[in-house]
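J.: I have a structure here, written as C-alpha coordinates, and I will follow up with some questions on it.
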Amino acid sequence: MTKPRVKLPESAKVGEVIEVKTLISHVMETGQRKDPEGKTIPRNIINTFTAAFAGTEVFKAEMHPGISANPYLSFYMKVPGPGEFEFAWTDDGGKKIVEKIKLNVT
Amino acid sequence: MLRHMLQGWIDAGRILYKKRLQMRRTVHVRRPHRLSRRAFAIGAGAALTVAALPGRPLLAQDQPQAWEQALRKILGDAKPIEGKIAVELPEIAENGNTVPFTIAVDSPMTEKDHVKAIHIIATSNPQPGVATFRLSPLSGKAAVASRMRLQRTQDVIVIAELSDGRFLSAKRPVKVTIGGCGG
(Lines give C-alpha, C1' and ligand atoms only; values in the text may rest on other atoms or scores of the structure.)
Protein backbone atom coordinates (compact mmCIF):
# COMPACT_ATOMS: atom_id res chain seq x y z
CA MET A 1 0.00 0.00 0.00
CA THR A 2 1.31 3.40 -0.91
CA LYS A 3 0.01 6.88 -0.34
CA PRO A 4 -3.64 6.98 -1.41
CA ARG A 5 -5.18 9.54 -3.72
CA VAL A 6 -8.35 11.34 -2.69
CA LYS A 7 -10.40 13.71 -4.79
CA LEU A 8 -12.67 16.23 -3.10
CA PRO A 9 -14.37 19.30 -4.52
CA GLU A 10 -12.33 22.51 -4.19
CA SER A 11 -14.95 23.89 -1.87
CA ALA A 12 -18.40 22.92 -0.64
CA LYS A 13 -21.38 24.56 1.03
CA VAL A 14 -23.13 23.30 4.16
CA GLY A 15 -25.95 20.96 3.11
CA GLU A 16 -24.44 20.29 -0.29
CA VAL A 17 -24.05 16.66 -1.40
CA ILE A 18 -20.48 16.09 -2.55
CA GLU A 19 -18.80 13.16 -4.27
CA VAL A 20 -15.67 11.69 -2.69
CA LYS A 21 -13.32 9.59 -4.82
CA THR A 22 -10.48 7.52 -3.39
CA LEU A 23 -7.81 5.34 -4.97
CA ILE A 24 -5.06 3.28 -3.34
CA SER A 25 -2.53 0.89 -4.84
CA HIS A 26 -2.83 -2.63 -3.47
CA VAL A 27 -2.39 -6.07 -5.08
CA MET A 28 -5.75 -7.34 -3.67
CA GLU A 29 -4.46 -10.94 -3.81
CA THR A 30 -7.53 -13.18 -4.04
CA GLY A 31 -6.14 -16.34 -2.43
CA GLN A 32 -7.28 -18.27 -5.53
CA ARG A 33 -4.07 -17.90 -7.54
CA LYS A 34 -1.14 -20.34 -7.51
CA ASP A 35 2.57 -19.60 -7.89
CA PRO A 36 4.70 -21.44 -10.53
CA GLU A 37 5.37 -24.25 -8.00
CA GLY A 38 1.64 -24.84 -7.59
CA LYS A 39 1.40 -23.40 -4.08
CA THR A 40 -1.56 -21.16 -3.33
CA ILE A 41 -0.59 -17.51 -2.95
CA PRO A 42 -2.14 -16.45 0.39
CA ARG A 43 -5.01 -13.98 0.29
CA ASN A 44 -4.18 -10.38 1.06
CA ILE A 45 -6.78 -7.76 0.32
CA ILE A 46 -7.89 -4.47 1.78
CA ASN A 47 -10.95 -5.81 3.58
CA THR A 48 -12.22 -2.56 5.10
CA PHE A 49 -12.34 1.07 4.11
CA THR A 50 -13.89 3.70 6.33
CA ALA A 51 -14.52 7.40 5.85
CA ALA A 52 -15.28 9.63 8.83
CA PHE A 53 -16.04 13.35 8.76
CA ALA A 54 -15.60 15.50 11.87
CA GLY A 55 -15.31 12.31 13.92
CA THR A 56 -18.47 10.60 12.58
CA GLU A 57 -18.40 7.65 10.21
CA VAL A 58 -20.09 8.56 6.92
CA PHE A 59 -19.22 5.58 4.73
CA LYS A 60 -17.82 2.07 5.08
CA ALA A 61 -16.89 -0.53 2.47
CA GLU A 62 -16.51 -4.20 3.41
CA MET A 63 -14.57 -5.67 0.53
CA HIS A 64 -14.03 -9.26 -0.61
CA PRO A 65 -11.66 -10.72 -3.23
CA GLY A 66 -14.17 -9.69 -5.92
CA ILE A 67 -12.94 -6.09 -5.73
CA SER A 68 -10.24 -5.30 -8.30
CA ALA A 69 -6.60 -4.54 -7.52
CA ASN A 70 -5.86 -0.91 -6.64
CA PRO A 71 -9.36 -0.38 -5.28
CA TYR A 72 -11.18 2.71 -6.44
CA LEU A 73 -14.17 3.92 -4.47
CA SER A 74 -16.66 6.68 -5.05
CA PHE A 75 -19.38 7.71 -2.60
CA TYR A 76 -21.34 10.76 -1.46
CA MET A 77 -21.67 12.91 1.65
CA LYS A 78 -24.04 15.69 2.65
CA VAL A 79 -21.76 18.35 4.15
CA PRO A 80 -22.85 18.83 7.79
CA GLY A 81 -20.49 21.75 8.42
CA PRO A 82 -16.78 22.46 8.49
CA GLY A 83 -14.52 19.55 9.29
CA GLU A 84 -11.82 17.13 8.32
CA PHE A 85 -12.09 13.76 6.58
CA GLU A 86 -10.33 10.73 7.98
CA PHE A 87 -9.99 7.86 5.53
CA ALA A 88 -8.65 4.46 6.64
CA TRP A 89 -7.72 1.37 4.59
CA THR A 90 -7.02 -1.91 6.45
CA ASP A 91 -5.67 -5.08 4.78
CA ASP A 92 -5.59 -8.78 5.79
CA GLY A 93 -2.06 -8.36 7.14
CA GLY A 94 -3.40 -5.81 9.63
CA LYS A 95 -1.66 -2.94 7.84
CA LYS A 96 -3.62 0.29 8.10
CA ILE A 97 -3.17 3.47 6.14
CA VAL A 98 -4.85 6.63 7.38
CA GLU A 99 -5.25 9.81 5.39
CA LYS A 100 -6.62 13.07 6.80
CA ILE A 101 -7.86 15.85 4.53
CA LYS A 102 -9.64 19.04 5.50
CA LEU A 103 -12.73 19.95 3.49
CA ASN A 104 -12.93 23.59 2.41
CA VAL A 105 -16.44 24.58 3.53
CA THR A 106 -17.66 28.01 2.50
CA MET B 1 -30.61 -97.01 -45.68
CA LEU B 2 -28.83 -97.57 -42.35
CA ARG B 3 -26.04 -95.32 -43.50
CA HIS B 4 -28.50 -92.54 -44.28
CA MET B 5 -30.09 -92.84 -40.82
CA LEU B 6 -26.70 -92.66 -39.11
CA GLN B 7 -25.76 -89.59 -41.10
CA GLY B 8 -29.04 -87.99 -40.04
CA TRP B 9 -28.31 -88.59 -36.33
CA ILE B 10 -24.82 -87.19 -36.70
CA ASP B 11 -26.14 -84.04 -38.42
CA ALA B 12 -28.74 -83.56 -35.71
CA GLY B 13 -26.02 -83.90 -33.08
CA ARG B 14 -23.88 -81.29 -34.81
CA ILE B 15 -26.75 -78.80 -34.95
CA LEU B 16 -27.54 -79.29 -31.26
CA TYR B 17 -23.86 -78.81 -30.34
CA LYS B 18 -23.72 -75.55 -32.32
CA LYS B 19 -26.89 -74.30 -30.61
CA ARG B 20 -25.43 -74.98 -27.19
CA LEU B 21 -22.29 -73.06 -28.12
CA GLN B 22 -24.40 -70.11 -29.25
CA MET B 23 -26.38 -70.18 -26.01
CA ARG B 24 -23.17 -70.07 -23.98
CA ARG B 25 -21.96 -67.08 -25.94
CA THR B 26 -25.24 -65.29 -25.33
CA VAL B 27 -24.97 -65.99 -21.61
CA HIS B 28 -21.45 -64.57 -21.54
CA VAL B 29 -22.54 -61.40 -23.28
CA ARG B 30 -25.38 -60.89 -20.85
CA ARG B 31 -23.26 -61.34 -17.72
CA PRO B 32 -19.81 -60.06 -18.53
CA HIS B 33 -18.79 -59.87 -14.85
CA ARG B 34 -20.04 -63.37 -14.09
CA LEU B 35 -22.49 -61.97 -11.56
CA SER B 36 -25.03 -64.48 -10.46
CA ARG B 37 -28.62 -63.43 -10.96
CA ARG B 38 -29.07 -63.25 -7.17
CA ALA B 39 -25.99 -61.08 -6.54
CA PHE B 40 -27.13 -58.74 -9.28
CA ALA B 41 -30.57 -58.42 -7.75
CA ILE B 42 -29.11 -57.60 -4.31
CA GLY B 43 -26.75 -55.00 -5.80
CA ALA B 44 -29.53 -53.30 -7.74
CA GLY B 45 -31.68 -53.24 -4.62
CA ALA B 46 -28.91 -51.58 -2.60
CA ALA B 47 -28.36 -48.95 -5.31
CA LEU B 48 -32.06 -48.13 -5.30
CA THR B 49 -32.07 -47.77 -1.51
CA VAL B 50 -29.17 -45.27 -1.63
CA ALA B 51 -30.89 -43.26 -4.35
CA ALA B 52 -34.11 -43.17 -2.36
CA LEU B 53 -32.50 -41.95 0.90
CA PRO B 54 -34.00 -38.56 1.68
CA GLY B 55 -31.82 -35.51 2.40
CA ARG B 56 -28.74 -37.04 0.83
CA PRO B 57 -28.06 -35.27 -2.46
CA LEU B 58 -26.19 -37.47 -4.90
CA LEU B 59 -24.74 -34.55 -6.82
CA ALA B 60 -23.16 -31.33 -5.55
CA GLN B 61 -25.57 -29.45 -7.83
CA ASP B 62 -28.44 -30.44 -5.59
CA GLN B 63 -26.98 -28.29 -2.78
CA PRO B 64 -27.66 -24.55 -2.77
CA GLN B 65 -25.09 -22.69 -4.80
CA ALA B 66 -22.55 -20.47 -3.02
CA TRP B 67 -24.24 -17.31 -4.33
CA GLU B 68 -27.62 -18.50 -3.10
CA GLN B 69 -26.16 -18.98 0.36
CA ALA B 70 -24.57 -15.51 0.23
CA LEU B 71 -27.93 -14.04 -0.80
CA ARG B 72 -29.77 -15.87 1.97
CA LYS B 73 -27.25 -14.51 4.51
CA ILE B 74 -28.14 -10.96 3.51
CA LEU B 75 -31.89 -11.36 3.10
CA GLY B 76 -32.78 -13.90 5.79
CA ASP B 77 -36.41 -14.75 5.07
CA ALA B 78 -37.17 -11.37 3.45
CA LYS B 79 -38.31 -11.17 -0.17
CA PRO B 80 -36.64 -8.33 -2.07
CA ILE B 81 -38.64 -5.97 -4.27
CA GLU B 82 -37.29 -5.52 -7.77
CA GLY B 83 -36.46 -2.04 -8.98
CA LYS B 84 -35.48 1.46 -7.77
CA ILE B 85 -31.82 0.55 -8.30
CA ALA B 86 -29.88 1.93 -11.26
CA VAL B 87 -26.94 -0.36 -12.04
CA GLU B 88 -24.31 0.74 -14.51
CA LEU B 89 -22.27 -2.23 -15.67
CA PRO B 90 -20.83 -2.95 -19.10
CA GLU B 91 -22.86 -5.42 -21.15
CA ILE B 92 -19.59 -6.91 -22.34
CA ALA B 93 -16.55 -6.71 -20.07
CA GLU B 94 -13.35 -7.14 -22.08
CA ASN B 95 -11.25 -7.64 -18.97
CA GLY B 96 -12.80 -9.50 -16.06
CA ASN B 97 -10.09 -8.20 -13.75
CA THR B 98 -11.50 -4.68 -13.66
CA VAL B 99 -15.16 -4.24 -14.42
CA PRO B 100 -16.30 -0.73 -13.49
CA PHE B 101 -19.70 -0.33 -11.88
CA THR B 102 -21.92 2.43 -10.53
CA ILE B 103 -24.93 1.74 -8.34
CA ALA B 104 -27.52 4.37 -7.47
CA VAL B 105 -30.62 3.72 -5.38
CA ASP B 106 -33.66 5.98 -5.61
CA SER B 107 -33.97 7.05 -1.95
CA PRO B 108 -34.54 10.38 -0.15
CA MET B 109 -31.78 9.39 2.32
CA THR B 110 -33.59 10.93 5.30
CA GLU B 111 -33.47 9.69 8.90
CA LYS B 112 -36.83 7.93 8.34
CA ASP B 113 -36.19 6.53 4.89
CA HIS B 114 -32.68 5.72 3.75
CA VAL B 115 -30.50 2.98 2.33
CA LYS B 116 -28.48 1.29 5.06
CA ALA B 117 -26.37 -0.93 2.84
CA ILE B 118 -25.71 -1.95 -0.75
CA HIS B 119 -24.58 -5.54 -1.31
CA ILE B 120 -23.09 -6.95 -4.51
CA ILE B 121 -23.11 -10.64 -5.43
CA ALA B 122 -21.35 -12.07 -8.49
CA THR B 123 -23.18 -15.37 -9.02
CA SER B 124 -20.35 -17.30 -10.73
CA ASN B 125 -17.30 -15.99 -8.87
CA PRO B 126 -15.39 -18.43 -6.62
CA GLN B 127 -16.44 -16.15 -3.76
CA PRO B 128 -19.75 -14.59 -4.81
CA GLY B 129 -19.77 -11.77 -2.23
CA VAL B 130 -18.03 -8.81 -3.88
CA ALA B 131 -18.60 -6.01 -1.39
CA THR B 132 -20.96 -4.40 1.09
CA PHE B 133 -21.19 -0.62 1.27
CA ARG B 134 -22.62 0.92 4.46
CA LEU B 135 -24.49 4.19 4.08
CA SER B 136 -26.45 6.52 6.36
CA PRO B 137 -28.52 9.73 6.10
CA LEU B 138 -25.14 11.52 6.21
CA SER B 139 -24.50 10.14 2.72
CA GLY B 140 -27.07 12.49 1.19
CA LYS B 141 -27.20 10.30 -1.91
CA ALA B 142 -27.33 6.51 -2.16
CA ALA B 143 -24.73 5.95 -4.84
CA VAL B 144 -21.40 4.14 -4.99
CA ALA B 145 -18.88 3.26 -7.67
CA SER B 146 -15.91 0.90 -7.81
CA ARG B 147 -14.40 -1.85 -9.94
CA MET B 148 -14.99 -5.58 -9.58
CA ARG B 149 -13.51 -8.87 -10.74
CA LEU B 150 -15.69 -11.28 -12.72
CA GLN B 151 -14.36 -14.76 -13.41
CA ARG B 152 -16.71 -15.46 -16.31
CA THR B 153 -19.93 -14.45 -17.98
CA GLN B 154 -22.56 -14.26 -15.26
CA ASP B 155 -25.35 -12.39 -13.49
CA VAL B 156 -24.50 -9.69 -10.96
CA ILE B 157 -27.07 -9.18 -8.21
CA VAL B 158 -27.36 -5.90 -6.28
CA ILE B 159 -29.33 -5.76 -3.02
CA ALA B 160 -30.20 -2.51 -1.26
CA GLU B 161 -31.02 -2.81 2.43
CA LEU B 162 -33.48 -0.10 3.54
CA SER B 163 -33.89 1.54 6.96
CA ASP B 164 -37.42 0.10 7.31
CA GLY B 165 -36.10 -3.45 6.96
CA ARG B 166 -37.18 -3.95 3.34
CA PHE B 167 -34.85 -4.97 0.52
CA LEU B 168 -34.63 -3.88 -3.10
CA SER B 169 -32.91 -5.94 -5.77
CA ALA B 170 -31.57 -5.69 -9.30
CA LYS B 171 -29.88 -8.21 -11.59
CA ARG B 172 -27.59 -7.56 -14.54
CA PRO B 173 -26.02 -10.09 -16.92
CA VAL B 174 -22.40 -9.33 -17.86
CA LYS B 175 -20.53 -11.06 -20.67
CA VAL B 176 -16.86 -11.50 -19.81
CA THR B 177 -14.27 -11.88 -22.57
CA ILE B 178 -11.20 -12.58 -20.39
CA GLY B 179 -11.96 -13.84 -16.89
CA GLY B 180 -10.64 -12.20 -13.74
CA CYS B 181 -9.92 -13.64 -10.29
CA GLY B 182 -6.58 -15.02 -11.48
CA GLY B 183 -7.96 -18.51 -12.13
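We label chains A, B, ... in the order they appear in the C-alpha coordinates, count residues from 1 in each chain, and number ligands from 1 in the order shown.
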Residues of chain A no more than 6 Å from chain B, counting only C-alpha atoms: send them over as a ChimeraX atom specification.

T.: /A:17,33,58-64,66-68,72-78

J.: Would you export the selected residues with N, CA and C atoms as a PDB file, in the first residue's frame, please?

T.:
ATOM      1  N   VAL A  17     -24.454  18.067  -1.297  1.00  0.00           N
ATOM      2  CA  VAL A  17     -24.046  16.659  -1.399  1.00  0.00           C
ATOM      3  C   VAL A  17     -22.823  16.595  -2.311  1.00  0.00           C
ATOM      4  N   ARG A  33      -5.140 -17.705  -6.554  1.00  0.00           N
ATOM      5  CA  ARG A  33      -4.067 -17.904  -7.537  1.00  0.00           C
ATOM      6  C   ARG A  33      -2.984 -18.821  -6.984  1.00  0.00           C
ATOM      7  N   VAL A  58     -19.109   8.226   7.962  1.00  0.00           N
ATOM      8  CA  VAL A  58     -20.094   8.561   6.921  1.00  0.00           C
ATOM      9  C   VAL A  58     -20.207   7.482   5.848  1.00  0.00           C
ATOM     10  N   PHE A  59     -19.206   6.622   5.761  1.00  0.00           N
ATOM     11  CA  PHE A  59     -19.218   5.577   4.734  1.00  0.00           C
ATOM     12  C   PHE A  59     -18.269   4.458   5.139  1.00  0.00           C
ATOM     13  N   LYS A  60     -18.685   3.223   4.806  1.00  0.00           N
ATOM     14  CA  LYS A  60     -17.822   2.073   5.077  1.00  0.00           C
ATOM     15  C   LYS A  60     -17.968   1.086   3.934  1.00  0.00           C
ATOM     16  N   ALA A  61     -16.860   0.514   3.505  1.00  0.00           N
ATOM     17  CA  ALA A  61     -16.895  -0.530   2.475  1.00  0.00           C
ATOM     18  C   ALA A  61     -16.266  -1.786   3.042  1.00  0.00           C
ATOM     19  N   GLU A  62     -17.047  -2.888   3.033  1.00  0.00           N
ATOM     20  CA  GLU A  62     -16.507  -4.199   3.414  1.00  0.00           C
ATOM     21  C   GLU A  62     -16.219  -4.913   2.110  1.00  0.00           C
ATOM     22  N   MET A  63     -14.945  -5.137   1.841  1.00  0.00           N
ATOM     23  CA  MET A  63     -14.569  -5.671   0.534  1.00  0.00           C
ATOM     24  C   MET A  63     -14.140  -7.132   0.620  1.00  0.00           C
ATOM     25  N   HIS A  64     -14.392  -7.849  -0.479  1.00  0.00           N
ATOM     26  CA  HIS A  64     -14.030  -9.262  -0.608  1.00  0.00           C
ATOM     27  C   HIS A  64     -13.115  -9.393  -1.823  1.00  0.00           C
ATOM     28  N   GLY A  66     -13.539 -10.105  -4.664  1.00  0.00           N
ATOM     29  CA  GLY A  66     -14.166  -9.689  -5.922  1.00  0.00           C
ATOM     30  C   GLY A  66     -13.925  -8.230  -6.282  1.00  0.00           C
ATOM     31  N   ILE A  67     -13.274  -7.482  -5.398  1.00  0.00           N
ATOM     32  CA  ILE A  67     -12.937  -6.087  -5.727  1.00  0.00           C
ATOM     33  C   ILE A  67     -11.554  -6.070  -6.389  1.00  0.00           C
ATOM     34  N   SER A  68     -11.462  -5.313  -7.496  1.00  0.00           N
ATOM     35  CA  SER A  68     -10.240  -5.299  -8.303  1.00  0.00           C
ATOM     36  C   SER A  68      -9.035  -4.752  -7.544  1.00  0.00           C
ATOM     37  N   TYR A  72     -10.637   1.368  -6.247  1.00  0.00           N
ATOM     38  CA  TYR A  72     -11.177   2.712  -6.437  1.00  0.00           C
ATOM     39  C   TYR A  72     -12.552   2.729  -5.802  1.00  0.00           C
ATOM     40  N   LEU A  73     -12.855   3.808  -5.089  1.00  0.00           N
ATOM     41  CA  LEU A  73     -14.174   3.924  -4.470  1.00  0.00           C
ATOM     42  C   LEU A  73     -14.706   5.330  -4.679  1.00  0.00           C
ATOM     43  N   SER A  74     -15.997   5.390  -4.955  1.00  0.00           N
ATOM     44  CA  SER A  74     -16.661   6.682  -5.049  1.00  0.00           C
ATOM     45  C   SER A  74     -17.927   6.606  -4.215  1.00  0.00           C
ATOM     46  N   PHE A  75     -18.163   7.666  -3.418  1.00  0.00           N
ATOM     47  CA  PHE A  75     -19.376   7.706  -2.595  1.00  0.00           C
ATOM     48  C   PHE A  75     -19.740   9.172  -2.343  1.00  0.00           C
ATOM     49  N   TYR A  76     -20.854   9.396  -1.652  1.00  0.00           N
ATOM     50  CA  TYR A  76     -21.345  10.764  -1.460  1.00  0.00           C
ATOM     51  C   TYR A  76     -21.470  11.111   0.013  1.00  0.00           C
ATOM     52  N   MET A  77     -21.456  12.432   0.293  1.00  0.00           N
ATOM     53  CA  MET A  77     -21.675  12.909   1.651  1.00  0.00           C
ATOM     54  C   MET A  77     -22.386  14.255   1.607  1.00  0.00           C
ATOM     55  N   LYS A  78     -23.352  14.402   2.508  1.00  0.00           N
ATOM     56  CA  LYS A  78     -24.043  15.686   2.651  1.00  0.00           C
ATOM     57  C   LYS A  78     -23.250  16.477   3.693  1.00  0.00           C
TER      58      LYS A  78
END

J.: Using DSSP on the backbone, list every residue of stretch 1-100 of chain A that comes out as strand (DSSP E or B), and give them as a VMD selection string.

T.: chain A and resid 5 to 7 12 17 to 23 29 34 40 44 46 to 53 56 to 63 67 72 to 78 83 to 91 96 to 100

J.: Within 8 Å of A:Pro9, counting only C-alpha atoms, which residues qualify if same-chain residues fewer than 3 places away don't, as a list in words?

T.: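 Contacts, in chain order: Ala12, Ile18, Glu19 and Val20 of chain A.
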
J.: Nearest to B:Arg152 among B:Ala93, B:Ala170, B:Ala104, B:Gln65, with distances taken over only C-alpha atoms: which residue is it?

T.: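 Of B:Ala93, B:Ala170, B:Ala104, B:Gln65, the one nearest B:Arg152, counting only C-alpha atoms, is B:Ala93.
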
J.: Tell me which protein, DNA and RNA residues are within 10 Å of A:His26, counting only C-alpha atoms, leaving out same-chain ones fewer than 3 positions away, and put them as a ChimeraX atom specification.

T.: /A:1-2,4,23,29,44-46,68-71,91

J.: I'd like the contact shell of stretch 95-102 of chain A - 8 Å cut-off, only C-alpha atoms, skipping same-chain residues fewer than 2 positions apart - returned as number ranges by chain.

T.: A: 1, 3-4, 83-93, 104
